[in-house]
file start02.txt (compact mmCIF, C-alpha atoms)
# COMPACT_ATOMS: atom_id res chain seq x y z
CA MET A 1 99.11 104.49 101.62
CA SER A 2 97.93 107.55 99.72
CA THR A 3 94.43 107.54 98.28
CA GLY A 4 95.87 108.03 94.77
CA LYS A 5 98.12 105.00 95.12
CA LYS A 6 95.17 102.94 96.37
CA LEU A 7 93.09 104.17 93.40
CA ALA A 8 95.85 103.13 90.99
CA GLN A 9 96.14 99.66 92.54
CA THR A 10 92.37 99.19 92.52
CA ALA A 11 92.08 100.40 88.92
CA GLN A 12 94.80 98.03 87.72
CA MET A 13 93.17 95.07 89.44
CA LEU A 14 89.72 95.92 88.02
CA ALA A 15 91.03 96.68 84.52
CA GLU A 16 92.79 93.32 84.38
CA ARG A 17 89.67 91.49 85.57
CA PRO A 18 88.54 92.41 82.82
CA PHE A 19 85.16 94.09 82.66
CA HIS A 20 83.48 93.93 79.27
CA GLY A 21 80.31 94.78 77.45
CA ARG A 22 78.63 92.26 75.16
CA THR A 23 81.03 90.22 73.08
CA GLU A 24 80.44 87.51 70.50
CA ASP A 25 81.16 84.89 73.15
CA GLN A 26 79.88 86.43 76.38
CA PRO A 27 77.13 88.60 77.81
CA SER A 28 78.13 91.86 79.48
CA ASN A 29 79.59 91.74 83.00
CA LEU A 30 79.14 95.49 83.54
CA LEU A 31 76.24 95.24 85.98
CA PRO A 32 78.33 96.13 89.08
CA ILE A 33 79.42 99.33 87.31
CA VAL A 34 76.06 100.21 85.76
CA ARG A 35 74.24 99.55 89.03
CA LEU A 36 75.89 102.68 90.50
CA PHE A 37 73.93 104.85 88.04
CA PRO A 38 70.18 104.48 88.75
CA LYS A 39 69.10 106.17 85.50
CA TRP A 40 71.24 103.86 83.35
CA ASN A 41 71.01 100.27 82.13
CA LEU A 42 73.32 97.75 80.46
CA GLU A 43 72.08 98.57 76.98
CA GLN A 44 72.69 102.31 77.41
CA ALA A 45 76.17 101.61 78.80
CA GLU A 46 77.21 99.42 75.87
CA ARG A 47 80.49 100.79 74.42
CA MET A 48 80.08 104.02 76.43
CA TRP A 49 81.28 103.05 79.92
CA CYS A 50 84.85 104.37 80.29
CA ALA A 51 83.85 107.19 82.68
CA ALA A 52 81.58 104.85 84.66
CA PHE A 53 84.55 102.48 85.03
CA VAL A 54 86.64 105.33 86.52
CA TYR A 55 83.82 106.12 88.95
CA TYR A 56 83.53 102.44 89.92
CA CYS A 57 87.28 102.33 90.60
CA CYS A 58 87.00 105.45 92.79
CA ILE A 59 84.18 103.93 94.83
CA GLN A 60 86.02 100.61 95.17
CA ALA A 61 89.14 102.49 96.33
CA GLY A 62 87.14 104.11 99.13
CA PHE A 63 86.22 107.54 97.81
CA SER A 64 82.81 108.83 98.87
CA ILE A 65 81.48 110.63 95.80
CA PRO A 66 77.84 110.68 94.62
CA TYR A 67 77.29 109.43 91.07
CA SER A 68 75.94 112.85 90.11
CA PRO A 69 77.50 115.59 92.26
CA GLN A 70 75.91 119.04 92.09
CA GLU A 71 78.89 120.30 90.05
CA CYS A 72 77.84 118.00 87.18
CA ARG A 73 75.53 120.10 85.02
CA SER A 74 75.38 118.16 81.74
CA CYS A 75 75.61 114.55 82.92
CA SER A 76 76.60 112.29 85.81
CA LEU A 77 80.05 110.78 86.38
CA ALA A 78 79.09 108.14 83.81
CA GLY A 79 80.18 110.74 81.24
CA CYS A 80 83.62 112.26 80.66
CA GLY A 81 82.09 115.74 80.56
CA GLY A 82 80.67 115.14 84.03
CA TRP A 83 84.16 114.42 85.35
CA GLU A 84 85.44 117.69 83.91
CA GLU A 85 82.54 119.67 85.39
CA PHE A 86 83.02 117.97 88.76
CA ALA A 87 86.76 118.70 88.87
CA GLN A 88 86.40 122.30 87.72
CA GLY A 89 83.47 122.97 90.06
CA ASP A 90 84.91 121.54 93.29
CA LYS A 91 87.91 123.65 94.32
CA ARG A 92 89.27 120.83 96.52
CA ILE A 93 90.02 118.79 93.38
CA ALA A 94 93.10 119.67 91.35
CA TYR A 95 92.41 120.22 87.65
CA TYR A 96 95.41 120.64 85.37
CA ASP A 97 95.36 121.53 81.69
CA GLY A 98 96.86 118.47 80.01
CA GLN A 99 98.82 120.33 77.35
CA GLN A 100 100.29 122.73 79.88
CA ALA A 101 101.29 119.81 82.13
CA ILE A 102 103.05 118.10 79.22
CA ARG A 103 105.05 121.27 78.47
CA ASP A 104 105.91 121.88 82.14
CA ALA A 105 109.07 119.93 82.99
CA ASP A 106 108.30 120.43 86.70
CA PHE A 107 104.84 118.87 86.57
CA VAL A 108 104.77 115.71 88.69
CA TRP A 109 102.51 112.96 87.36
CA GLN A 110 101.05 110.87 90.21
CA GLU A 111 99.63 107.37 90.46
CA GLY A 112 95.86 107.69 90.61
CA ASP A 113 95.68 110.83 88.46
CA ILE A 114 92.57 110.71 86.29
CA LEU A 115 93.40 111.47 82.66
CA LEU A 116 90.75 113.04 80.48
CA TYR A 117 91.35 112.67 76.73
CA ASP A 118 90.22 114.38 73.56
CA GLN A 119 89.70 112.58 70.25
CA VAL A 120 90.71 109.09 71.29
CA PHE A 121 87.51 107.10 71.26
CA ILE A 122 84.90 108.85 69.12
CA ASN A 123 86.94 111.78 67.77
CA ARG A 124 85.31 114.37 70.06
CA GLU A 125 86.35 116.51 73.00
CA HIS A 126 86.56 114.72 76.36
CA ASP A 127 85.65 111.41 74.75
CA HIS A 128 87.72 109.03 76.90
CA ILE A 129 89.14 108.76 80.40
CA GLY A 130 91.46 106.56 82.44
CA ILE A 131 93.46 106.28 85.66
CA LEU A 132 97.24 106.68 85.63
CA LEU A 133 99.02 103.63 87.04
CA LYS A 134 102.59 104.72 86.44
CA LEU A 135 104.91 106.70 84.24
CA GLU A 136 107.16 104.51 82.11
CA GLU A 137 109.87 106.65 80.48
CA GLU A 138 107.76 108.82 78.15
CA LYS A 139 104.69 106.56 78.18
CA LEU A 140 101.74 106.70 80.55
CA VAL A 141 100.49 103.32 81.81
CA VAL A 142 96.75 103.73 82.27
CA ALA A 143 93.80 101.60 83.43
CA GLU A 144 90.78 102.21 81.21
CA GLY A 145 87.31 100.91 80.63
CA ASN A 146 86.04 100.31 77.11
CA VAL A 147 89.49 100.27 75.51
CA GLY A 148 89.43 100.90 71.77
CA ASP A 149 87.22 98.54 69.80
CA THR A 150 87.49 95.76 72.39
CA ASN A 151 84.59 96.86 74.63
CA CYS A 152 86.79 95.57 77.50
CA SER A 153 88.73 97.15 80.32
CA GLY A 154 92.48 96.94 80.19
CA VAL A 155 95.86 98.45 80.94
CA VAL A 156 97.26 100.47 78.05
CA ARG A 157 100.32 102.57 77.30
CA ARG A 158 99.58 106.04 75.99
CA GLU A 159 101.79 108.81 74.71
CA LYS A 160 102.01 112.12 76.51
CA ASP A 161 100.56 113.98 73.54
CA GLU A 162 97.86 116.31 72.25
CA HIS A 163 95.09 113.88 73.23
CA ILE A 164 95.48 114.60 76.95
CA ARG A 165 92.90 117.24 77.74
CA ALA A 166 93.23 117.35 81.51
CA ILE A 167 94.62 115.70 84.61
CA ILE A 168 92.25 115.44 87.55
CA ARG A 169 93.71 114.76 90.99
CA ILE A 170 91.39 113.91 93.85
CA PRO A 171 93.10 114.76 97.16
CA ASP A 172 93.91 112.14 99.78
CA GLY A 173 90.96 111.39 102.05
CA PHE A 174 88.50 113.27 99.83
CA ILE A 175 84.90 113.10 101.06
CA TYR A 176 82.18 114.81 99.06
CA GLU A 177 79.79 116.79 101.25

call {"tool": "encode", "arguments": {"input": "start02.txt", "output": "structure tokens"}}
result
Amino acid sequence: MSTGKKLAQTAQMLAERPFHGRTEDQPSNLLPIVRLFPKWNLEQAERMWCAAFVYYCCIQAGFSIPYSPQECRSCSLAGCGGWEEFAQGDKRIAYYDGQQAIRDADFVWQEGDILLYDQVFINREHDHIGILLKLEEEKLVVAEGNVGDTNCSGVVRREKDEHIRAIIRIPDGFIYE
């Protein structure tokens, strides 16, 4: 099985768990995710954990990636900007412009692609992130942490539209050195 397919399966299982921050009825269950980031705590993660969820899924799927690779200049992989810096800085990782990929009829979307969004969560650049599970006609089925106002992980259907900033594809068997 490809690493991307394993990442997609892992992400779907974890998104449907679901993980959640504090809710009216329950305390946060994000500790397994937050624990991967030594400079972070549950309170700091509250409603800001979508990128950390993607990292957690990658680790659970078997990728060996430090939480703050040297390519990350502004933040760790707990932040969407860190994912972009990591993908653009490590030439082994494929980084595709999202808008160009949407226009390119030959672009092949793959299970396990990491989708970086603009203006979805807090109306800023690279403000949300998720893992592609499958393509369903013109919709993308994506596992995400901190979905909308729910403060929960989940599987959502997104349009292929102007909100997709980038597609990050980690190659099979990737090991960070």

call {"tool": "residues_around", "arguments": {"input": "start02.txt", "residues": "Pro66 in chain A", "least_positions_apart": "2", "cutoff": "9 Å", "atoms": "all atoms listed in the file", "output": "PyMOL selection string"}}
result
chain A and resi 64+68-70+77+176

call {"tool": "write_last_selection", "arguments": {"input": "start02.txt", "atoms": "C-alpha atoms", "output": "short mmCIF file (atom, residue, chain, number, x, y, z; two decimals), in the frame of the given file"}}
result
data_model
loop_
_atom_site.label_atom_id
_atom_site.label_comp_id
_atom_site.auth_asym_id
_atom_site.auth_seq_id
_atom_site.Cartn_x
_atom_site.Cartn_y
_atom_site.Cartn_z
CA SER A 64 82.81 108.83 98.87
CA SER A 68 75.94 112.85 90.11
CA PRO A 69 77.50 115.59 92.26
CA GLN A 70 75.91 119.04 92.09
CA LEU A 77 80.05 110.78 86.38
CA TYR A 176 82.18 114.81 99.06
#

call {"tool": "residues_around", "arguments": {"input": "start02.txt", "residues": "Val34 in chain A", "least_positions_apart": "2", "cutoff": "9 Å", "atoms": "all atoms listed in the file", "output": "PyMOL selection string"}}
result
chain A and resi 30-32+36-38+40-42+45+49+52-53+56+78

call {"tool": "write_last_selection", "arguments": {"input": "start02.txt", "atoms": "C-alpha atoms", "output": "PDB file, keeping the file's coordinate frame"}}
result
ATOM      1  CA  LEU A  30      79.140  95.490  83.540  1.00  0.00           C
ATOM      2  CA  LEU A  31      76.240  95.240  85.980  1.00  0.00           C
ATOM      3  CA  PRO A  32      78.330  96.130  89.080  1.00  0.00           C
ATOM      4  CA  LEU A  36      75.890 102.680  90.500  1.00  0.00           C
ATOM      5  CA  PHE A  37      73.930 104.850  88.040  1.00  0.00           C
ATOM      6  CA  PRO A  38      70.180 104.480  88.750  1.00  0.00           C
ATOM      7  CA  TRP A  40      71.240 103.860  83.350  1.00  0.00           C
ATOM      8  CA  ASN A  41      71.010 100.270  82.130  1.00  0.00           C
ATOM      9  CA  LEU A  42      73.320  97.750  80.460  1.00  0.00           C
ATOM     10  CA  ALA A  45      76.170 101.610  78.800  1.00  0.00           C
ATOM     11  CA  TRP A  49      81.280 103.050  79.920  1.00  0.00           C
ATOM     12  CA  ALA A  52      81.580 104.850  84.660  1.00  0.00           C
ATOM     13  CA  PHE A  53      84.550 102.480  85.030  1.00  0.00           C
ATOM     14  CA  TYR A  56      83.530 102.440  89.920  1.00  0.00           C
ATOM     15  CA  ALA A  78      79.090 108.140  83.810  1.00  0.00           C
TER      16      ALA A  78
END

call {"tool": "residues_around", "arguments": {"input": "start02.txt", "residues": "Thr23 in chain A", "least_positions_apart": "5", "cutoff": "10 Å", "atoms": "only C-alpha atoms", "output": "MDAnalysis selection string"}}
result
chainID A and resid 28 150:152

call {"tool": "residues_around", "arguments": {"input": "start02.txt", "residues": "range 81-87 of chain A", "least_positions_apart": "4", "cutoff": "7 Å", "atoms": "all atoms listed in the file", "output": "JSON, numbers by chain"}}
result
{"A": [69, 71, 72, 74, 75, 76, 77, 93, 94, 95, 126, 168]}

call {"tool": "residues_around", "arguments": {"input": "start02.txt", "residues": "Arg103 in chain A", "least_positions_apart": "5", "cutoff": "12 Å", "atoms": "only C-alpha atoms", "output": "MDAnalysis selection string"}}
result
chainID A and resid 96:98 108 160:162 164

call {"tool": "closest_residue", "arguments": {"input": "start02.txt", "among": "A:Asp172, A:Asp149, A:Glu144, A:Asp106", "to": "Arg17 in chain A", "atoms": "only C-alpha atoms"}}
result
A:Glu144

call {"tool": "axis_aligned_box", "arguments": {"input": "start02.txt", "around": "range 15-30 of chain A", "padding_each_side": "4 Å", "output": "AutoDock Vina command-line options"}}
result
--center_x 85.0 --center_y 90.8 --center_z 78.0 --size_x 23.7 --size_y 19.8 --size_z 23.1

call {"tool": "atom_distance", "arguments": {"input": "start02.txt", "atom1": "CA of Ile170 in chain A", "atom2": "CA of Phe19 in chain A"}}
result
23.6 Å

call {"tool": "closest_residue", "arguments": {"input": "start02.txt", "among": "A:Glu137, A:Trp109, A:Glu43, A:Arg169", "to": "Asp90 in chain A", "atoms": "all atoms listed in the file"}}
result
A:Arg169

call {"tool": "decode", "arguments": {"input": "start02.txt", "residues": "range 68-159 of chain A", "atoms": "C-alpha atoms", "output": "PDB file, in the first residue's frame"}}
result
ATOM      1  CA  SER A  68       9.760  21.425  13.592  1.00  0.00           C
ATOM      2  CA  PRO A  69      11.946  20.564  10.592  1.00  0.00           C
ATOM      3  CA  GLN A  70      14.743  22.995   9.727  1.00  0.00           C
ATOM      4  CA  GLU A  71      12.741  24.197   6.697  1.00  0.00           C
ATOM      5  CA  CYS A  72      10.124  25.671   9.051  1.00  0.00           C
ATOM      6  CA  ARG A  73      11.243  29.243   9.681  1.00  0.00           C
ATOM      7  CA  SER A  74       8.137  30.902  11.122  1.00  0.00           C
ATOM      8  CA  CYS A  75       6.553  28.076  13.111  1.00  0.00           C
ATOM      9  CA  SER A  76       6.450  24.309  13.606  1.00  0.00           C
ATOM     10  CA  LEU A  77       4.139  21.883  11.790  1.00  0.00           C
ATOM     11  CA  ALA A  78       1.449  22.920  14.283  1.00  0.00           C
ATOM     12  CA  GLY A  79       0.897  25.872  11.929  1.00  0.00           C
ATOM     13  CA  CYS A  80      -0.281  25.890   8.312  1.00  0.00           C
ATOM     14  CA  GLY A  81       2.542  28.261   7.383  1.00  0.00           C
ATOM     15  CA  GLY A  82       5.024  25.718   8.724  1.00  0.00           C
ATOM     16  CA  TRP A  83       3.627  23.090   6.358  1.00  0.00           C
ATOM     17  CA  GLU A  84       4.084  25.426   3.406  1.00  0.00           C
ATOM     18  CA  GLU A  85       7.660  26.274   4.404  1.00  0.00           C
ATOM     19  CA  PHE A  86       8.446  22.591   4.935  1.00  0.00           C
ATOM     20  CA  ALA A  87       7.065  21.554   1.533  1.00  0.00           C
ATOM     21  CA  GLN A  88       8.722  24.405  -0.351  1.00  0.00           C
ATOM     22  CA  GLY A  89      12.043  23.927   1.442  1.00  0.00           C
ATOM     23  CA  ASP A  90      12.433  20.149   1.052  1.00  0.00           C
ATOM     24  CA  LYS A  91      12.819  19.348  -2.651  1.00  0.00           C
ATOM     25  CA  ARG A  92      11.763  15.715  -2.083  1.00  0.00           C
ATOM     26  CA  ILE A  93       8.231  16.902  -1.281  1.00  0.00           C
ATOM     27  CA  ALA A  94       5.956  17.866  -4.164  1.00  0.00           C
ATOM     28  CA  TYR A  95       4.373  21.301  -3.799  1.00  0.00           C
ATOM     29  CA  TYR A  96       1.705  22.262  -6.323  1.00  0.00           C
ATOM     30  CA  ASP A  97       0.019  25.631  -6.680  1.00  0.00           C
ATOM     31  CA  GLY A  98      -3.627  24.890  -5.900  1.00  0.00           C
ATOM     32  CA  GLN A  99      -5.128  27.235  -8.472  1.00  0.00           C
ATOM     33  CA  GLN A 100      -2.861  25.934 -11.221  1.00  0.00           C
ATOM     34  CA  ALA A 101      -3.757  22.333 -10.302  1.00  0.00           C
ATOM     35  CA  ILE A 102      -7.475  23.145 -10.513  1.00  0.00           C
ATOM     36  CA  ARG A 103      -7.028  24.643 -14.005  1.00  0.00           C
ATOM     37  CA  ASP A 104      -4.839  21.747 -15.220  1.00  0.00           C
ATOM     38  CA  ALA A 105      -7.102  18.986 -16.540  1.00  0.00           C
ATOM     39  CA  ASP A 106      -4.141  16.582 -16.397  1.00  0.00           C
ATOM     40  CA  PHE A 107      -3.408  17.107 -12.704  1.00  0.00           C
ATOM     41  CA  VAL A 108      -3.992  13.867 -10.800  1.00  0.00           C
ATOM     42  CA  TRP A 109      -5.326  14.322  -7.270  1.00  0.00           C
ATOM     43  CA  GLN A 110      -4.111  11.538  -4.963  1.00  0.00           C
ATOM     44  CA  GLU A 111      -5.356  10.075  -1.704  1.00  0.00           C
ATOM     45  CA  GLY A 112      -3.160  11.438   1.061  1.00  0.00           C
ATOM     46  CA  ASP A 113      -2.483  14.783  -0.628  1.00  0.00           C
ATOM     47  CA  ILE A 114      -2.311  17.527   1.983  1.00  0.00           C
ATOM     48  CA  LEU A 115      -4.486  20.484   1.018  1.00  0.00           C
ATOM     49  CA  LEU A 116      -3.529  23.927   2.230  1.00  0.00           C
ATOM     50  CA  TYR A 117      -6.362  26.482   2.145  1.00  0.00           C
ATOM     51  CA  ASP A 118      -6.697  30.245   2.119  1.00  0.00           C
ATOM     52  CA  GLN A 119      -9.545  32.139   3.779  1.00  0.00           C
ATOM     53  CA  VAL A 120     -11.538  29.197   5.084  1.00  0.00           C
ATOM     54  CA  PHE A 121     -11.140  29.343   8.825  1.00  0.00           C
ATOM     55  CA  ILE A 122     -10.072  32.827   9.901  1.00  0.00           C
ATOM     56  CA  ASN A 123     -10.153  34.651   6.548  1.00  0.00           C
ATOM     57  CA  ARG A 124      -6.355  34.725   6.137  1.00  0.00           C
ATOM     58  CA  GLU A 125      -3.783  33.118   3.879  1.00  0.00           C
ATOM     59  CA  HIS A 126      -2.916  29.489   4.671  1.00  0.00           C
ATOM     60  CA  ASP A 127      -5.451  29.412   7.491  1.00  0.00           C
ATOM     61  CA  HIS A 128      -6.622  25.791   7.232  1.00  0.00           C
ATOM     62  CA  ILE A 129      -5.359  22.393   6.128  1.00  0.00           C
ATOM     63  CA  GLY A 130      -6.618  18.860   5.578  1.00  0.00           C
ATOM     64  CA  ILE A 131      -5.836  15.479   4.035  1.00  0.00           C
ATOM     65  CA  LEU A 132      -7.522  14.372   0.811  1.00  0.00           C
ATOM     66  CA  LEU A 133      -9.414  11.100   1.225  1.00  0.00           C
ATOM     67  CA  LYS A 134     -10.925  10.869  -2.234  1.00  0.00           C
ATOM     68  CA  LEU A 135     -12.253  12.789  -5.183  1.00  0.00           C
ATOM     69  CA  GLU A 136     -16.023  12.578  -5.509  1.00  0.00           C
ATOM     70  CA  GLU A 137     -17.095  13.997  -8.891  1.00  0.00           C
ATOM     71  CA  GLU A 138     -16.144  17.660  -8.468  1.00  0.00           C
ATOM     72  CA  LYS A 139     -15.936  17.582  -4.663  1.00  0.00           C
ATOM     73  CA  LEU A 140     -12.908  16.813  -2.526  1.00  0.00           C
ATOM     74  CA  VAL A 141     -13.550  14.559   0.480  1.00  0.00           C
ATOM     75  CA  VAL A 142     -11.119  15.715   3.160  1.00  0.00           C
ATOM     76  CA  ALA A 143     -10.209  14.760   6.735  1.00  0.00           C
ATOM     77  CA  GLU A 144      -9.666  17.877   8.837  1.00  0.00           C
ATOM     78  CA  GLY A 145      -9.048  18.893  12.391  1.00  0.00           C
ATOM     79  CA  ASN A 146     -10.928  21.822  13.917  1.00  0.00           C
ATOM     80  CA  VAL A 147     -13.678  21.852  11.290  1.00  0.00           C
ATOM     81  CA  GLY A 148     -15.559  25.146  11.111  1.00  0.00           C
ATOM     82  CA  ASP A 149     -17.077  26.278  14.388  1.00  0.00           C
ATOM     83  CA  THR A 150     -17.310  22.739  15.770  1.00  0.00           C
ATOM     84  CA  ASN A 151     -13.806  22.546  17.290  1.00  0.00           C
ATOM     85  CA  CYS A 152     -13.939  18.859  16.221  1.00  0.00           C
ATOM     86  CA  SER A 153     -12.233  16.747  13.603  1.00  0.00           C
ATOM     87  CA  GLY A 154     -14.350  15.426  10.781  1.00  0.00           C
ATOM     88  CA  VAL A 155     -14.680  14.412   7.164  1.00  0.00           C
ATOM     89  CA  VAL A 156     -15.944  17.220   4.945  1.00  0.00           C
ATOM     90  CA  ARG A 157     -16.679  17.791   1.275  1.00  0.00           C
ATOM     91  CA  ARG A 158     -15.005  20.838  -0.224  1.00  0.00           C
ATOM     92  CA  GLU A 159     -15.233  22.467  -3.614  1.00  0.00           C
TER      93      GLU A 159
END
